[in-house]
file entry-v2.tsv (TSV, C-alpha atoms)
chain	number	residue	atom	x	y	z
B	23	MET	CA	56.48	22.82	36.80
B	24	ILE	CA	55.51	22.30	40.42
B	25	CYS	CA	53.30	25.05	41.77
B	26	LEU	CA	52.36	24.99	45.48
B	27	THR	CA	50.44	27.50	47.50
B	28	ALA	CA	51.78	28.98	50.70
B	29	SER	CA	49.17	27.15	52.82
B	30	PHE	CA	50.05	23.81	51.22
B	31	ALA	CA	53.74	24.37	51.85
B	32	GLU	CA	53.15	25.32	55.47
B	33	ALA	CA	50.94	22.24	56.05
B	34	HIS	CA	53.37	19.71	54.59
B	35	LEU	CA	56.75	21.30	55.26
B	36	ALA	CA	57.01	19.79	58.75
B	37	GLY	CA	56.53	16.29	57.35
B	38	TRP	CA	59.16	16.80	54.68
B	39	LEU	CA	61.69	18.09	57.14
B	40	ALA	CA	61.04	15.23	59.57
B	41	VAL	CA	62.44	12.73	57.08
B	42	ALA	CA	65.01	14.97	55.40
B	43	ARG	CA	68.12	13.62	57.17
B	44	ASP	CA	70.61	13.21	54.35
B	45	ASP	CA	72.40	15.68	52.13
B	46	ARG	CA	70.60	14.68	48.92
B	47	LEU	CA	67.11	15.16	50.33
B	48	LEU	CA	68.16	18.44	51.93
B	49	ALA	CA	69.49	19.61	48.56
B	50	ARG	CA	66.19	18.62	46.91
B	51	LEU	CA	64.23	20.63	49.50
B	52	ARG	CA	66.44	23.65	48.94
B	53	GLU	CA	65.82	23.37	45.17
B	54	LEU	CA	62.10	23.09	45.81
B	55	GLY	CA	62.27	26.16	48.02
B	56	ARG	CA	63.76	28.18	45.21
B	57	ARG	CA	60.86	27.16	42.91
B	58	LEU	CA	58.12	27.99	45.42
B	59	ASP	CA	57.62	31.58	44.39
B	60	PRO	CA	55.07	32.48	47.10
B	61	VAL	CA	57.07	31.14	50.05
B	62	PRO	CA	60.81	31.01	49.34
B	63	ASP	CA	61.78	32.76	52.56
B	64	LEU	CA	59.51	30.50	54.63
B	65	VAL	CA	61.08	27.32	53.24
B	66	ARG	CA	64.63	28.49	53.63
B	67	ALA	CA	64.09	29.70	57.18
B	68	ALA	CA	62.36	26.46	58.19
B	69	ALA	CA	65.06	24.32	56.60
B	70	ARG	CA	67.82	26.23	58.40
B	71	SER	CA	65.95	25.92	61.68
B	72	ALA	CA	65.29	22.18	61.27
B	73	PHE	CA	68.91	21.28	60.53
B	74	ALA	CA	70.55	23.71	62.93
B	75	ALA	CA	72.43	22.16	65.83
B	76	PRO	CA	70.26	22.07	68.93
B	77	PRO	CA	71.33	24.64	71.51
B	78	HIS	CA	73.28	23.37	74.48
B	79	PRO	CA	71.37	23.53	77.73
B	80	PRO	CA	72.84	26.09	80.15
B	81	ARG	CA	75.35	24.67	82.56
B	82	PRO	CA	74.31	24.82	86.17
B	83	GLN	CA	76.31	27.40	88.08
B	84	PRO	CA	77.94	26.21	91.30
B	85	GLU	CA	76.58	27.84	94.40
B	86	MET	CA	78.98	30.26	96.02
B	87	GLU	CA	79.61	29.64	99.67
B	88	GLU	CA	79.67	32.66	101.91
B	89	LEU	CA	83.23	33.33	102.98
B	90	PRO	CA	83.90	33.37	106.71
B	91	MET	CA	84.76	36.66	108.32
B	92	ASN	CA	88.49	37.12	108.87
B	93	PRO	CA	89.09	38.64	112.31
B	94	MET	CA	92.40	40.12	111.13
B	95	THR	CA	90.88	42.10	108.26
B	96	SER	CA	87.15	42.36	108.94
B	97	PRO	CA	85.83	45.45	110.69
B	98	THR	CA	85.05	44.91	114.34
B	99	PRO	CA	81.32	45.43	114.97
B	100	ALA	CA	80.64	48.45	117.11
B	101	PRO	CA	79.40	47.57	120.61
B	102	ALA	CA	75.76	48.25	121.39
B	103	ASP	CA	74.94	51.34	123.40
B	104	GLY	CA	76.08	50.85	126.94
B	105	ALA	CA	78.00	47.67	126.13
B	106	ALA	CA	81.48	47.40	127.59
B	107	THR	CA	84.54	46.57	125.48
B	108	SER	CA	87.75	44.94	126.69
B	109	GLN	CA	89.92	46.85	124.19
B	110	VAL	CA	91.86	49.36	126.28
B	111	GLN	CA	94.63	50.08	123.75
B	112	GLN	CA	94.28	52.59	120.94
B	113	PRO	CA	96.45	53.45	117.90
B	114	LEU	CA	97.81	56.84	116.86
B	115	THR	CA	99.27	57.47	113.40
B	116	LEU	CA	100.00	61.19	113.22
B	117	ILE	CA	101.25	62.43	109.82
B	118	MET	CA	102.84	65.89	109.68
B	119	PRO	CA	104.17	67.55	106.49
B	120	LEU	CA	107.67	68.97	106.83
B	121	LYS	CA	108.81	72.30	105.47
B	122	SER	CA	111.41	70.92	103.04
B	123	ALA	CA	113.77	68.04	102.30
B	124	GLN	CA	116.48	69.98	104.14
B	125	HIS	CA	114.31	70.15	107.25
B	126	ALA	CA	113.66	66.41	106.95
B	127	ALA	CA	117.42	65.73	106.85
B	128	GLN	CA	118.02	67.93	109.90
B	129	LEU	CA	115.22	66.21	111.81
B	130	ARG	CA	116.57	62.78	110.90
B	131	GLY	CA	119.97	63.73	112.26
B	132	ALA	CA	118.48	65.00	115.51
B	133	LEU	CA	116.41	61.84	116.07
B	134	GLU	CA	119.12	59.38	115.04
B	135	HIS	CA	121.99	61.04	116.89
B	136	ASN	CA	120.09	62.37	119.89
B	137	GLY	CA	120.76	65.94	118.89
B	138	GLY	CA	120.06	68.29	121.79
B	139	GLY	CA	119.16	65.27	123.92
B	140	ILE	CA	115.80	64.98	122.13
B	141	ARG	CA	115.75	61.18	122.11
B	142	ASP	CA	116.59	60.97	125.80
B	143	ALA	CA	113.82	63.48	126.57
B	144	ILE	CA	111.29	61.44	124.56
B	145	GLU	CA	112.13	58.17	126.29
B	146	ALA	CA	112.06	59.77	129.74
B	147	ALA	CA	108.67	61.36	129.06
B	148	LEU	CA	107.16	58.13	127.69
B	149	ASP	CA	108.40	56.24	130.76
B	150	ALA	CA	106.73	58.85	132.95
B	151	LEU	CA	103.43	58.64	131.06
B	152	ARG	CA	103.05	54.88	131.67
B	153	THR	CA	100.31	54.67	129.04
B	154	VAL	CA	102.37	54.15	125.87
B	155	HIS	CA	103.06	50.58	124.71
B	156	PHE	CA	105.09	51.42	121.61
B	157	ALA	CA	106.23	54.61	119.89
B	158	ARG	CA	108.32	55.37	116.84
B	159	PHE	CA	109.09	58.10	114.33
B	160	VAL	CA	109.13	57.43	110.57
B	161	LEU	CA	110.25	59.85	107.86
B	162	LEU	CA	108.18	59.48	104.68
B	163	ASP	CA	109.64	60.51	101.33
B	164	GLY	CA	107.56	62.80	99.13
B	165	ASP	CA	107.02	66.38	98.18
B	166	PRO	CA	106.83	67.54	100.83
B	167	PRO	CA	108.41	64.86	103.05
B	168	LYS	CA	106.42	63.94	106.13
B	169	LEU	CA	107.03	62.86	109.70
B	170	ALA	CA	104.91	60.01	111.06
B	171	VAL	CA	104.48	59.59	114.81
B	172	ILE	CA	103.12	56.09	115.44
B	173	THR	CA	102.14	54.93	118.91
B	174	SER	CA	99.87	52.52	120.76
B	175	TYR	CA	98.44	53.89	123.99
B	176	ASP	CA	95.91	53.17	126.73
B	177	ASP	CA	92.43	54.63	127.19
B	178	ASP	CA	90.98	57.75	125.56
B	179	PHE	CA	92.45	59.98	122.86
B	180	GLU	CA	91.94	63.36	124.52
B	181	GLY	CA	93.49	62.28	127.80
B	182	TYR	CA	96.48	60.87	125.94
B	183	ILE	CA	97.13	64.07	124.00
B	184	MET	CA	96.70	66.20	127.10
B	185	SER	CA	99.32	64.03	128.82
B	186	PHE	CA	101.56	64.66	125.83
B	187	THR	CA	101.35	68.40	126.33
B	188	ASP	CA	102.22	67.97	130.03
B	189	HIS	CA	105.15	65.57	129.62
B	190	LEU	CA	106.32	66.09	126.03
B	191	GLY	CA	105.39	69.71	125.40
B	192	PRO	CA	108.99	70.97	125.00
B	193	VAL	CA	109.85	67.99	122.75
B	194	PHE	CA	106.91	68.68	120.46
B	195	ASP	CA	107.81	72.35	120.42
B	196	GLN	CA	111.16	71.32	118.92
B	197	LEU	CA	109.62	68.85	116.46
B	198	LEU	CA	107.03	71.34	115.25
B	199	GLU	CA	109.78	73.78	114.23
B	200	PHE	CA	110.32	71.48	111.23
B	201	VAL	CA	106.61	71.11	110.41
B	202	GLU	CA	104.69	73.05	107.79
B	203	GLY	CA	101.40	74.48	109.11
B	204	ALA	CA	102.19	73.58	112.72
B	205	PRO	CA	99.87	74.65	115.55
B	206	PRO	CA	100.86	77.56	117.80
B	207	ARG	CA	103.60	77.01	120.34
B	208	PRO	CA	104.34	76.34	123.10
B	209	VAL	CA	101.81	73.51	122.91
B	210	ALA	CA	101.40	73.49	126.72
B	211	GLN	CA	99.82	76.93	126.43
B	212	HIS	CA	97.71	76.03	123.36
B	213	ARG	CA	96.33	72.68	124.41
B	214	ASP	CA	93.06	72.86	122.48
B	215	GLU	CA	94.80	73.88	119.25
B	216	PHE	CA	97.32	71.08	119.65
B	217	LEU	CA	94.53	68.55	120.31
B	218	ALA	CA	92.66	69.67	117.20
B	219	TYR	CA	95.85	69.50	115.12
B	220	VAL	CA	96.65	65.93	116.19
B	221	ALA	CA	93.05	64.80	115.66
B	222	ALA	CA	93.08	66.20	112.11
B	223	GLY	CA	96.42	64.55	111.24
B	224	ASP	CA	95.69	61.15	112.80
B	225	LEU	CA	95.11	58.45	110.16
B	226	ARG	CA	92.47	56.02	111.38
B	227	CYS	CA	92.82	52.26	111.12
B	228	VAL	CA	91.28	50.45	108.17
B	229	GLY	CA	89.29	47.69	109.85
B	230	ALA	CA	90.14	46.36	113.26
B	231	PHE	CA	93.12	47.36	115.41
B	232	TYR	CA	94.79	44.11	116.43
B	233	SER	CA	96.51	43.53	119.75
B	234	ALA	CA	97.72	40.23	121.18
B	235	TYR	CA	96.66	41.43	124.64
B	236	PRO	CA	93.81	43.93	124.10
B	237	ASP	CA	92.71	44.06	127.74
B	238	LYS	CA	96.16	44.83	129.18
B	239	ARG	CA	97.40	48.28	130.06
B	240	VAL	CA	101.04	49.25	130.36
B	241	ALA	CA	100.66	49.21	134.13
B	242	ASP	CA	99.40	45.59	133.96
B	243	ILE	CA	102.35	44.44	131.86
B	244	ASN	CA	105.06	46.54	133.45
B	245	PRO	CA	104.07	47.38	137.03
B	246	ALA	CA	105.68	50.38	138.66
B	247	PRO	CA	108.59	49.50	140.96

call {"tool": "encode", "arguments": {"input": "entry-v2.tsv", "output": "structure tokens"}}
result
Amino acid sequence: MICLTASFAEAHLAGWLAVARDDRLLARLRELGRRLDPVPDLVRAAARSAFAAPPHPPRPQPEMEELPMNPMTSPTPAPADGAATSQVQQPLTLIMPLKSAQHAAQLRGALEHNGGGIRDAIEAALDALRTVHFARFVLLDGDPPKLAVITSYDDDFEGYIMSFTDHLGPVFDQLLEFVEGAPPRPVAQHRDEFLAYVAAGDLRCVGAFYSAYPDKRVADINPAP
């Protein structure tokens, strides 16, 4: 019977494993490990470690290039204090909840068929303002349905809304009859309340507001006759 001490096994195990490269010698070592009462776990662990496949070195990760900023989707940096900006056009996206689906249908009919001359009044008022590039109404399905007023206009928000009350006050008085939670009317006599209502319902742009001619006002594009 072979009887080895733990220290002897530890001293010579490395040499045995260095030459143990075939199945028969490996089997002999495993048999020897079972007969080494003091160090069976040591032998088995060392044998498994010696004949285990070497770990693969980690693959180098490719460096990620920084993506360029997209001017169509990236937020426009705010100008420094006192810095001028050439953007004179501003967007308005006013969302107003309607009282019911029936009110939405009635409003659609009025806008599509010029009921009560409302469409003619809107176009005449926008022509008189001379600050509105585009304007449209959109009915949004939902519960409740909503009316969206979407425009692009020149210069500052407050001045634009105050012009609305002067030129489109009666039109908005009619529109607001269909709106749930509308501000007091007539809007021409409740200008501050109407301004606050529009500001609260205006959905701001996500990122930059794009214009093909950001430094042009309506008066520059369509001079008065």

call {"tool": "closest_residue", "arguments": {"input": "entry-v2.tsv", "among": "B:Pro245, B:Gly137, B:Gly164, B:Pro113", "to": "Asp178 of chain B", "atoms": "only C-alpha atoms"}}
result
B:Pro113

call {"tool": "residues_around", "arguments": {"input": "entry-v2.tsv", "residues": "Arg239 of chain B", "least_positions_apart": "3", "cutoff": "10 Å", "atoms": "only C-alpha atoms", "output": "list in words"}}
result
Gln109, Val110, Gln111, Arg152, Thr153, Val154, His155, Tyr175, Asp176, Asp177, Tyr235, Pro236, Asp242, Ile243, Asn244 and Pro245 of chain B

call {"tool": "residues_around", "arguments": {"input": "entry-v2.tsv", "residues": "segment 188-201 of chain B", "least_positions_apart": "6", "cutoff": "7 Å", "atoms": "all atoms listed in the file", "output": "ChimeraX atom specification"}}
result
/B:118-121,125,140,144,147,207-210

call {"tool": "write_last_selection", "arguments": {"input": "entry-v2.tsv", "atoms": "C-alpha atoms", "output": "compact mmCIF listing (two decimals), in the coordinates of the input"}}
result
# COMPACT_ATOMS: atom_id res chain seq x y z
CA MET B 118 102.84 65.89 109.68
CA PRO B 119 104.17 67.55 106.49
CA LEU B 120 107.67 68.97 106.83
CA LYS B 121 108.81 72.30 105.47
CA HIS B 125 114.31 70.15 107.25
CA ILE B 140 115.80 64.98 122.13
CA ILE B 144 111.29 61.44 124.56
CA ALA B 147 108.67 61.36 129.06
CA ARG B 207 103.60 77.01 120.34
CA PRO B 208 104.34 76.34 123.10
CA VAL B 209 101.81 73.51 122.91
CA ALA B 210 101.40 73.49 126.72

call {"tool": "atom_distance", "arguments": {"input": "entry-v2.tsv", "atom1": "atom CA of Phe159 of chain B", "atom2": "atom CA of Leu225 of chain B"}}
result
14.6 Å

call {"tool": "closest_residue", "arguments": {"input": "entry-v2.tsv", "among": "B:Ala170, B:Ala143, B:Ala150, B:Ala123", "to": "Asp224 of chain B", "atoms": "all atoms listed in the file"}}
result
B:Ala170

call {"tool": "atom_distance", "arguments": {"input": "entry-v2.tsv", "atom1": "atom CA of Arg158 of chain B", "atom2": "atom CA of Ile172 of chain B"}}
result
5.4 Å

call {"tool": "closest_residue", "arguments": {"input": "entry-v2.tsv", "among": "B:Val220, B:Ala157, B:Ala234, B:Ala132", "to": "Thr173 of chain B", "atoms": "all atoms listed in the file"}}
result
B:Ala157

call {"tool": "closest_residue", "arguments": {"input": "entry-v2.tsv", "among": "B:Leu114, B:Leu161, B:Ala204, B:Leu129", "to": "Ser174 of chain B", "atoms": "all atoms listed in the file"}}
result
B:Leu114

call {"tool": "atom_distance", "arguments": {"input": "entry-v2.tsv", "atom1": "atom CA of Thr115 of chain B", "atom2": "atom CA of Leu169 of chain B"}}
result
10.1 Å

call {"tool": "axis_aligned_box", "arguments": {"input": "entry-v2.tsv", "around": "segment 130-148 of chain B", "padding_each_side": "4 Å", "output": "lines of an AutoDock Vina configuration file"}}
result
center_x = 114.6
center_y = 63.2
center_z = 120.3
size_x = 22.8
size_y = 18.2
size_z = 26.8
